[in-house]
file coords_13.cif (mmCIF, C-alpha atoms and all ligand atoms)
data_entry
loop_
_atom_site.label_atom_id
_atom_site.label_comp_id
_atom_site.auth_asym_id
_atom_site.auth_seq_id
_atom_site.Cartn_x
_atom_site.Cartn_y
_atom_site.Cartn_z
CA MET K 1 47.29 51.51 -78.77
CA SER K 2 48.23 48.16 -77.36
CA MET K 3 46.36 44.88 -77.35
CA HIS K 4 45.74 42.73 -74.29
CA PHE K 5 45.28 38.96 -74.52
CA HIS K 6 43.92 37.00 -71.53
CA ILE K 7 44.18 33.25 -71.86
CA LEU K 8 42.12 31.11 -69.46
CA THR K 9 43.81 27.73 -69.20
CA LEU K 10 44.81 24.82 -66.96
CA PHE K 11 48.35 25.02 -68.43
CA PRO K 12 49.52 28.63 -68.06
CA ASP K 13 53.21 27.74 -68.40
CA MET K 14 52.70 26.23 -71.81
CA VAL K 15 51.07 29.38 -73.09
CA GLU K 16 53.42 31.85 -71.38
CA ASN K 17 56.55 30.08 -72.54
CA GLY K 18 55.34 29.75 -76.08
CA LEU K 19 54.27 33.35 -76.50
CA HIS K 20 57.03 35.31 -74.80
CA THR K 21 59.84 34.45 -77.18
CA SER K 22 61.06 36.11 -80.36
CA ILE K 23 58.86 38.72 -82.00
CA LEU K 24 56.00 38.55 -79.51
CA GLY K 25 58.42 38.68 -76.57
CA ARG K 26 59.93 41.87 -77.95
CA ALA K 27 56.51 43.38 -78.64
CA THR K 28 55.49 42.62 -75.05
CA GLU K 29 58.63 44.30 -73.71
CA LYS K 30 57.86 47.34 -75.85
CA GLY K 31 54.37 47.48 -74.36
CA LEU K 32 52.60 46.87 -77.68
CA LEU K 33 51.04 43.67 -76.37
CA SER K 34 50.30 42.02 -73.09
CA ILE K 35 49.75 38.28 -72.92
CA GLU K 36 48.45 37.03 -69.60
CA ALA K 37 47.77 33.38 -68.84
CA VAL K 38 45.20 32.86 -66.09
CA ASN K 39 45.24 29.52 -64.30
CA ILE K 40 41.68 28.24 -64.00
CA ARG K 41 42.82 25.94 -61.19
CA ASP K 42 43.42 29.04 -59.03
CA TYR K 43 39.64 29.46 -59.05
CA ALA K 44 38.76 25.91 -57.98
CA PHE K 45 36.36 26.20 -55.08
CA ASN K 46 36.91 22.85 -53.33
CA LYS K 47 39.78 21.83 -51.10
CA HIS K 48 41.28 19.43 -53.63
CA GLN K 49 41.42 22.21 -56.19
CA SER K 50 39.79 19.91 -58.70
CA VAL K 51 38.32 21.48 -61.80
CA ASP K 52 36.81 18.47 -63.53
CA ASP K 53 34.05 15.93 -62.93
CA TYR K 54 32.17 13.10 -64.66
CA PRO K 55 29.62 14.02 -67.32
CA TYR K 56 25.95 13.54 -66.44
CA GLY K 57 24.46 10.79 -68.57
CA GLY K 58 27.75 8.93 -68.70
CA GLY K 59 30.34 8.74 -71.44
CA ALA K 60 34.08 8.78 -71.69
CA GLY K 61 36.35 11.20 -69.90
CA MET K 62 35.92 14.16 -67.62
CA LEU K 63 34.45 17.61 -68.12
CA MET K 64 35.71 20.95 -66.87
CA GLN K 65 33.21 22.29 -64.34
CA ALA K 66 31.37 25.55 -64.82
CA GLU K 67 32.22 27.43 -61.62
CA PRO K 68 36.04 27.64 -61.77
CA VAL K 69 35.83 28.77 -65.40
CA TYR K 70 33.22 31.37 -64.48
CA LEU K 71 35.23 32.73 -61.54
CA ALA K 72 38.37 32.97 -63.66
CA TYR K 73 36.38 34.82 -66.33
CA GLN K 74 34.95 37.25 -63.76
CA ALA K 75 38.38 37.97 -62.29
CA VAL K 76 39.71 38.87 -65.74
CA GLU K 77 36.64 40.92 -66.65
CA ASN K 78 36.98 42.93 -63.42
CA LYS K 79 40.63 43.56 -64.08
CA ILE K 80 39.85 44.79 -67.57
CA ARG K 81 37.08 47.08 -66.28
CA GLU K 82 39.41 48.60 -63.68
CA ARG K 83 42.11 49.24 -66.25
CA LYS K 84 39.64 50.85 -68.63
CA LEU K 85 38.33 53.11 -65.88
CA ARG K 86 41.90 54.17 -65.09
CA GLU K 87 42.75 54.76 -68.73
CA ASP K 88 39.40 56.27 -69.62
CA GLY K 89 38.99 53.52 -72.19
CA GLN K 90 35.88 52.47 -74.08
CA GLU K 91 33.34 50.49 -72.10
CA GLY K 92 31.85 47.43 -73.67
CA ARG K 93 31.85 43.72 -73.42
CA THR K 94 35.10 41.84 -73.89
CA ARG K 95 34.92 39.19 -76.58
CA VAL K 96 35.51 35.70 -75.25
CA VAL K 97 36.70 33.09 -77.73
CA TYR K 98 36.21 29.42 -76.92
CA LEU K 99 38.61 27.20 -78.86
CA SER K 100 36.77 24.17 -80.13
CA PRO K 101 36.62 21.99 -83.24
CA GLN K 102 32.97 23.02 -83.38
CA GLY K 103 33.74 26.69 -83.95
CA ALA K 104 33.97 28.72 -87.14
CA THR K 105 37.26 28.10 -88.94
CA PHE K 106 39.96 30.66 -88.12
CA SER K 107 41.15 32.74 -91.06
CA GLN K 108 43.22 35.80 -91.88
CA THR K 109 39.99 37.77 -92.25
CA MET K 110 38.88 36.74 -88.77
CA ALA K 111 42.33 37.67 -87.41
CA GLU K 112 42.07 41.14 -88.97
CA GLU K 113 38.70 41.66 -87.37
CA LEU K 114 39.84 40.50 -83.92
CA ALA K 115 43.00 42.64 -84.11
CA ARG K 116 40.75 45.68 -83.73
CA GLU K 117 39.75 44.61 -80.19
CA GLU K 118 41.56 46.16 -77.24
CA ASP K 119 41.13 43.06 -75.07
CA LEU K 120 40.55 39.49 -76.09
CA MET K 121 39.85 36.53 -73.82
CA LEU K 122 40.66 33.03 -75.04
CA LEU K 123 39.19 30.09 -73.18
CA CYS K 124 41.03 26.77 -73.51
CA GLY K 125 39.16 23.56 -72.84
CA HIS K 126 40.71 20.27 -71.83
CA TYR K 127 39.53 16.72 -71.18
CA GLU K 128 36.23 16.26 -73.01
CA GLY K 129 35.31 19.92 -72.91
CA ILE K 130 33.55 22.37 -70.59
CA ASP K 131 30.10 22.34 -68.96
CA GLU K 132 27.80 23.87 -71.58
CA ARG K 133 26.09 26.26 -69.14
CA VAL K 134 29.14 28.42 -68.53
CA LEU K 135 29.90 28.54 -72.26
CA GLU K 136 26.37 29.87 -72.85
CA GLU K 137 26.96 32.65 -70.34
CA ILE K 138 30.42 33.91 -71.23
CA VAL K 139 31.45 32.88 -74.75
CA THR K 140 30.89 35.32 -77.62
CA ASP K 141 32.83 33.49 -80.39
CA TYR K 142 33.48 29.79 -81.05
CA VAL K 143 36.63 29.27 -83.11
CA SER K 144 38.35 26.18 -84.57
CA ILE K 145 41.81 26.34 -86.11
CA GLY K 146 41.05 23.54 -88.57
CA ASP K 147 39.35 20.21 -89.10
CA TYR K 148 41.46 18.11 -86.76
CA VAL K 149 41.26 17.44 -83.03
CA LEU K 150 43.90 18.51 -80.49
CA THR K 151 44.12 17.48 -76.84
CA GLY K 152 43.31 20.99 -75.64
CA GLY K 153 42.69 24.57 -76.67
CA GLU K 154 46.16 25.88 -75.73
CA LEU K 155 47.89 25.38 -79.07
CA PRO K 156 44.89 26.78 -80.97
CA ALA K 157 44.86 29.82 -78.63
CA MET K 158 48.57 30.31 -79.28
CA VAL K 159 48.00 30.12 -83.02
CA MET K 160 45.36 32.82 -82.73
CA VAL K 161 47.45 35.10 -80.49
CA ASP K 162 50.42 34.80 -82.83
CA THR K 163 48.39 35.52 -85.97
CA ILE K 164 46.51 38.46 -84.45
CA SER K 165 49.58 39.97 -82.75
CA ARG K 166 51.56 40.41 -85.95
CA LEU K 167 48.72 42.62 -87.25
CA VAL K 168 49.00 44.99 -84.27
CA PRO K 169 50.83 48.14 -85.49
CA GLY K 170 54.50 48.15 -84.50
CA VAL K 171 54.80 44.43 -83.72
CA LEU K 172 56.57 43.65 -86.97
CA HIS K 173 59.64 45.76 -87.71
CA ASN K 174 58.32 46.75 -91.01
CA ASP K 175 54.73 47.96 -90.94
CA VAL K 176 54.13 47.13 -94.57
CA SER K 177 55.31 43.54 -94.48
CA ALA K 178 52.19 42.10 -92.86
CA GLU K 179 50.16 43.49 -95.74
CA PHE K 180 52.13 41.76 -98.44
CA ASP K 181 52.12 38.33 -96.90
CA SER K 182 50.22 35.33 -98.09
CA PHE K 183 46.43 35.40 -97.88
CA GLN K 184 46.01 39.12 -97.39
CA ASP K 185 44.95 39.34 -101.00
CA ASN K 186 44.22 35.62 -101.42
CA LEU K 187 47.53 34.98 -103.18
CA LEU K 188 50.47 33.00 -101.85
CA GLU K 189 53.83 34.67 -101.44
CA TYR K 190 56.48 34.65 -104.17
CA PRO K 191 59.81 32.83 -103.57
CA GLN K 192 62.64 34.80 -101.93
CA TYR K 193 66.44 34.53 -102.13
CA SER K 194 69.39 35.84 -100.14
CA ARG K 195 73.18 35.53 -100.45
CA PRO K 196 75.08 33.74 -101.88
CA GLU K 197 74.15 34.27 -105.52
CA ILE K 198 74.90 30.61 -106.30
CA TRP K 199 74.16 27.82 -103.83
CA HIS K 200 74.28 24.08 -104.70
CA GLU K 201 74.69 25.22 -108.32
CA LYS K 202 71.35 27.03 -108.17
CA ARG K 203 71.40 30.66 -109.30
CA VAL K 204 69.21 33.40 -107.89
CA PRO K 205 66.74 34.37 -110.67
CA GLU K 206 68.46 36.95 -112.90
CA VAL K 207 65.69 39.53 -112.69
CA LEU K 208 66.20 39.94 -108.94
CA LEU K 209 69.81 41.05 -109.51
CA SER K 210 68.85 43.53 -112.23
CA GLY K 211 67.81 46.40 -109.95
CA HIS K 212 64.88 47.01 -112.32
CA HIS K 213 62.02 47.47 -109.87
CA ALA K 214 59.13 47.28 -112.31
CA ASN K 215 60.43 44.01 -113.75
CA ILE K 216 61.00 42.62 -110.26
CA GLU K 217 57.44 43.48 -109.21
CA LYS K 218 56.08 41.89 -112.39
CA TRP K 219 58.12 38.70 -111.81
CA ARG K 220 56.99 38.48 -108.19
CA ARG K 221 53.35 38.92 -109.10
CA GLU K 222 53.66 36.17 -111.73
CA GLN K 223 55.31 33.84 -109.23
CA SER K 224 52.51 34.50 -106.74
CA LEU K 225 49.91 33.72 -109.37
CA LEU K 226 51.70 30.54 -110.47
CA ARG K 227 52.14 29.27 -106.93
CA THR K 228 48.57 29.97 -105.98
CA ALA K 229 47.19 28.38 -109.16
CA LYS K 230 49.24 25.23 -108.58
CA ALA K 231 48.98 24.81 -104.80
CA ARG K 232 45.74 26.58 -103.86
CA PRO K 233 43.45 27.00 -106.87
CA ASP K 234 40.56 27.52 -104.42
CA LEU K 235 42.16 30.81 -103.32
CA LEU K 236 42.46 32.15 -106.87
CA GLU K 237 38.69 32.39 -107.15
CA LYS K 238 38.72 35.02 -104.41
CA ALA K 239 41.81 36.91 -105.63
CA GLU K 240 41.54 40.08 -107.66
CA LEU K 241 43.06 39.34 -111.05
CA SER K 242 43.25 41.55 -114.11
CA GLN K 243 41.84 40.32 -117.44
CA LYS K 244 45.42 40.02 -118.65
CA GLU K 245 46.38 37.84 -115.68
CA ILE K 246 43.35 35.62 -116.17
CA ARG K 247 44.28 35.07 -119.83
CA TRP K 248 47.92 34.46 -118.91
CA LEU K 249 46.93 31.69 -116.45
CA GLN K 250 44.43 30.22 -118.92
CA GLU K 251 47.12 30.01 -121.61
CA LYS K 252 49.24 28.01 -119.18
CA GLY K 253 46.30 25.69 -118.51
CA LEU K 254 46.21 26.80 -114.84
CA LEU K 255 42.78 28.39 -114.93
CA PRO K 256 39.70 26.95 -116.64
CA THR K 257 38.38 28.93 -119.62
CA MET K 258 34.75 30.06 -119.64
CA GLU K 259 32.58 28.27 -122.18
N1 LIG K 301 40.49 21.97 -79.47
C1 LIG K 301 40.72 20.73 -79.94
N2 LIG K 301 40.85 20.74 -81.26
C2 LIG K 301 40.71 22.04 -81.67
C3 LIG K 301 40.73 22.71 -82.92
N3 LIG K 301 40.92 22.06 -84.07
N4 LIG K 301 40.54 24.04 -82.94
C4 LIG K 301 40.31 24.71 -81.81
N5 LIG K 301 40.28 24.14 -80.60
C5 LIG K 301 40.47 22.82 -80.51
#

call {"tool": "encode", "arguments": {"input": "coords_13.cif", "output": "structure tokens", "more": "lines below"}}
Ligand code: ADE
result
Amino acid sequence: MSMHFHILTLFPDMVENGLHTSILGRATEKGLLSIEAVNIRDYAFNKHQSVDDYPYGGGAGMLMQAEPVYLAYQAVENKIRERKLREDGQEGRTRVVYLSPQGATFSQTMAEELAREEDLMLLCGHYEGIDERVLEEIVTDYVSIGDYVLTGGELPAMVMVDTISRLVPGVLHNDVSAEFDSFQDNLLEYPQYSRPEIWHEKRVPEVLLSGHHANIEKWRREQSLLRTAKARPDLLEKAELSQKEIRWLQEKGLLPTME
């Protein structure tokens, strides 16, 4: 099964260029993904092709108008429906994500959930945002990528597409590697080393050269625990640790002891 992203934006080139290189470019060529940028300006209904106007009630900046966004949405929705009819796919409403600092914070868990969708629409706002009425009609999910403000939703949409795409089966060379990465189990990744064995007088940790797989796994797990405890103690609370691991971290003063 492949996954189809549809990005509604005023800057299609930015999105297309950013998402058709490297791993995602290859996955698109292989037919595992499709990433389509739809130019909202193509759906402007006046002769100047303008898509923005002043906000009622005054205030700074311009707002994206409802109608061009709605027409762009409908065009995509129709295209999806036609494809599903052809392919005998599942009917059902396409989820439409609006990128906004006011949304729920994006996370690996949210990415895993969205990766199960066959189609995903991402709506990118610009200027001071989009007329509320069209958001009410088409948006199913409001998502923020973090507590900071960008000039538009394009970079956040690209962050989401990248994160979700690598969870689609076949996109990464190695199907298992997505599972072992940071956050999947609320632990950060262990450090990694490649040739040469000595670089700037720093040696690769001896255990990694030993060929002893059990010891290597144990060392990696410890490194993950240490890194997480030092850099992201908030994550440790959600990680599944054995009693032995909890005691080990407590002895190092990296985890508070229960009274
Ligand atoms: N648009 C502007 N800032 C944003 C953010 N932090 N997340 C999602 N969309 C945005």

call {"tool": "residues_near_ligand", "arguments": {"input": "coords_13.cif", "ligand": "ligand LIG 301 (chain K)", "cutoff": "9 Å", "atoms": "all atoms listed in the file", "output": "list of chain:residue names"}}
result
K:Tyr98, K:Leu99, K:Ser100, K:Pro101, K:Gln102, K:Gly103, K:Thr105, K:Phe106, K:Cys124, K:Gly125, K:His126, K:Gly129, K:Tyr142, K:Val143, K:Ser144, K:Ile145, K:Gly146, K:Asp147, K:Tyr148, K:Val149, K:Leu150, K:Thr151, K:Gly152, K:Gly153, K:Glu154, K:Leu155, K:Pro156, K:Ala157

call {"tool": "residues_around", "arguments": {"input": "coords_13.cif", "residues": "segment 13-28 of chain K", "least_positions_apart": "2", "cutoff": "7 Å", "atoms": "only C-alpha atoms", "output": "list in words"}}
result
Phe11, Lys30, Gly31, Leu32, Leu33, Ser34, Ala37, Glu154, Met158 and Val171 of chain K

call {"tool": "atom_distance", "arguments": {"input": "coords_13.cif", "atom1": "atom CA of Ser242 of chain K", "atom2": "atom CA of Leu167 of chain K"}}
result
27.4 Å

call {"tool": "residues_near_point", "arguments": {"input": "coords_13.cif", "point": "(25.6, 15.7, -68.4)", "cutoff": "12 Å", "atoms": "only C-alpha atoms", "output": "PyMOL selection string"}}
result
chain K and resi 53-66+128-133

call {"tool": "atom_distance", "arguments": {"input": "coords_13.cif", "atom1": "atom CA of Glu77 of chain K", "atom2": "atom CA of His4 of chain K"}}
result
12.0 Å

call {"tool": "residues_around", "arguments": {"input": "coords_13.cif", "residues": "segment 220-224 of chain K", "least_positions_apart": "6", "cutoff": "7 Å", "atoms": "only C-alpha atoms", "output": "list in words"}}
result
Leu187, Leu188, Glu189 and Tyr190 of chain K

call {"tool": "closest_residue", "arguments": {"input": "coords_13.cif", "among": "K:Asp88, K:Glu113, K:Glu206, K:Glu29", "to": "Trp219 of chain K", "atoms": "only C-alpha atoms"}}
result
K:Glu206

call {"tool": "closest_residue", "arguments": {"input": "coords_13.cif", "among": "K:Val168, K:Val96, K:Ala231, K:Leu8", "to": "Ala115 of chain K", "atoms": "all atoms listed in the file"}}
result
K:Val168

call {"tool": "atom_distance", "arguments": {"input": "coords_13.cif", "atom1": "atom CA of Gly253 of chain K", "atom2": "atom CA of Tyr193 of chain K"}}
result
27.4 Å

call {"tool": "closest_residue", "arguments": {"input": "coords_13.cif", "among": "K:Asp162, K:Glu201, K:Glu237, K:Glu251", "to": "Asn186 of chain K", "atoms": "all atoms listed in the file"}}
result
K:Glu237

call {"tool": "axis_aligned_box", "arguments": {"input": "coords_13.cif", "around": "segment 221-226 of chain K", "padding_each_side": "3 Å", "output": "JSON"}}
result
{"center_x": 52.6, "center_y": 34.7, "center_z": -109.2, "size_x": 11.4, "size_y": 14.4, "size_z": 11.0}

call {"tool": "closest_residue", "arguments": {"input": "coords_13.cif", "among": "K:Thr228, K:Leu71, K:Phe5, K:Asp52", "to": "Asn39 of chain K", "atoms": "all atoms listed in the file"}}
result
K:Leu71

call {"tool": "closest_residue", "arguments": {"input": "coords_13.cif", "among": "K:Leu208, K:Ile216, K:Leu225, K:Asn46", "to": "Glu240 of chain K", "atoms": "only C-alpha atoms"}}
result
K:Leu225

call {"tool": "residues_around", "arguments": {"input": "coords_13.cif", "residues": "Arg95 of chain K", "least_positions_apart": "5", "cutoff": "7 Å", "atoms": "only C-alpha atoms", "output": "list in words"}}
result
Leu120, Met121 and Thr140 of chain K

call {"tool": "closest_residue", "arguments": {"input": "coords_13.cif", "among": "K:Met3, K:Val139, K:Val159, K:Ile164", "to": "Met110 of chain K", "atoms": "only C-alpha atoms"}}
result
K:Ile164
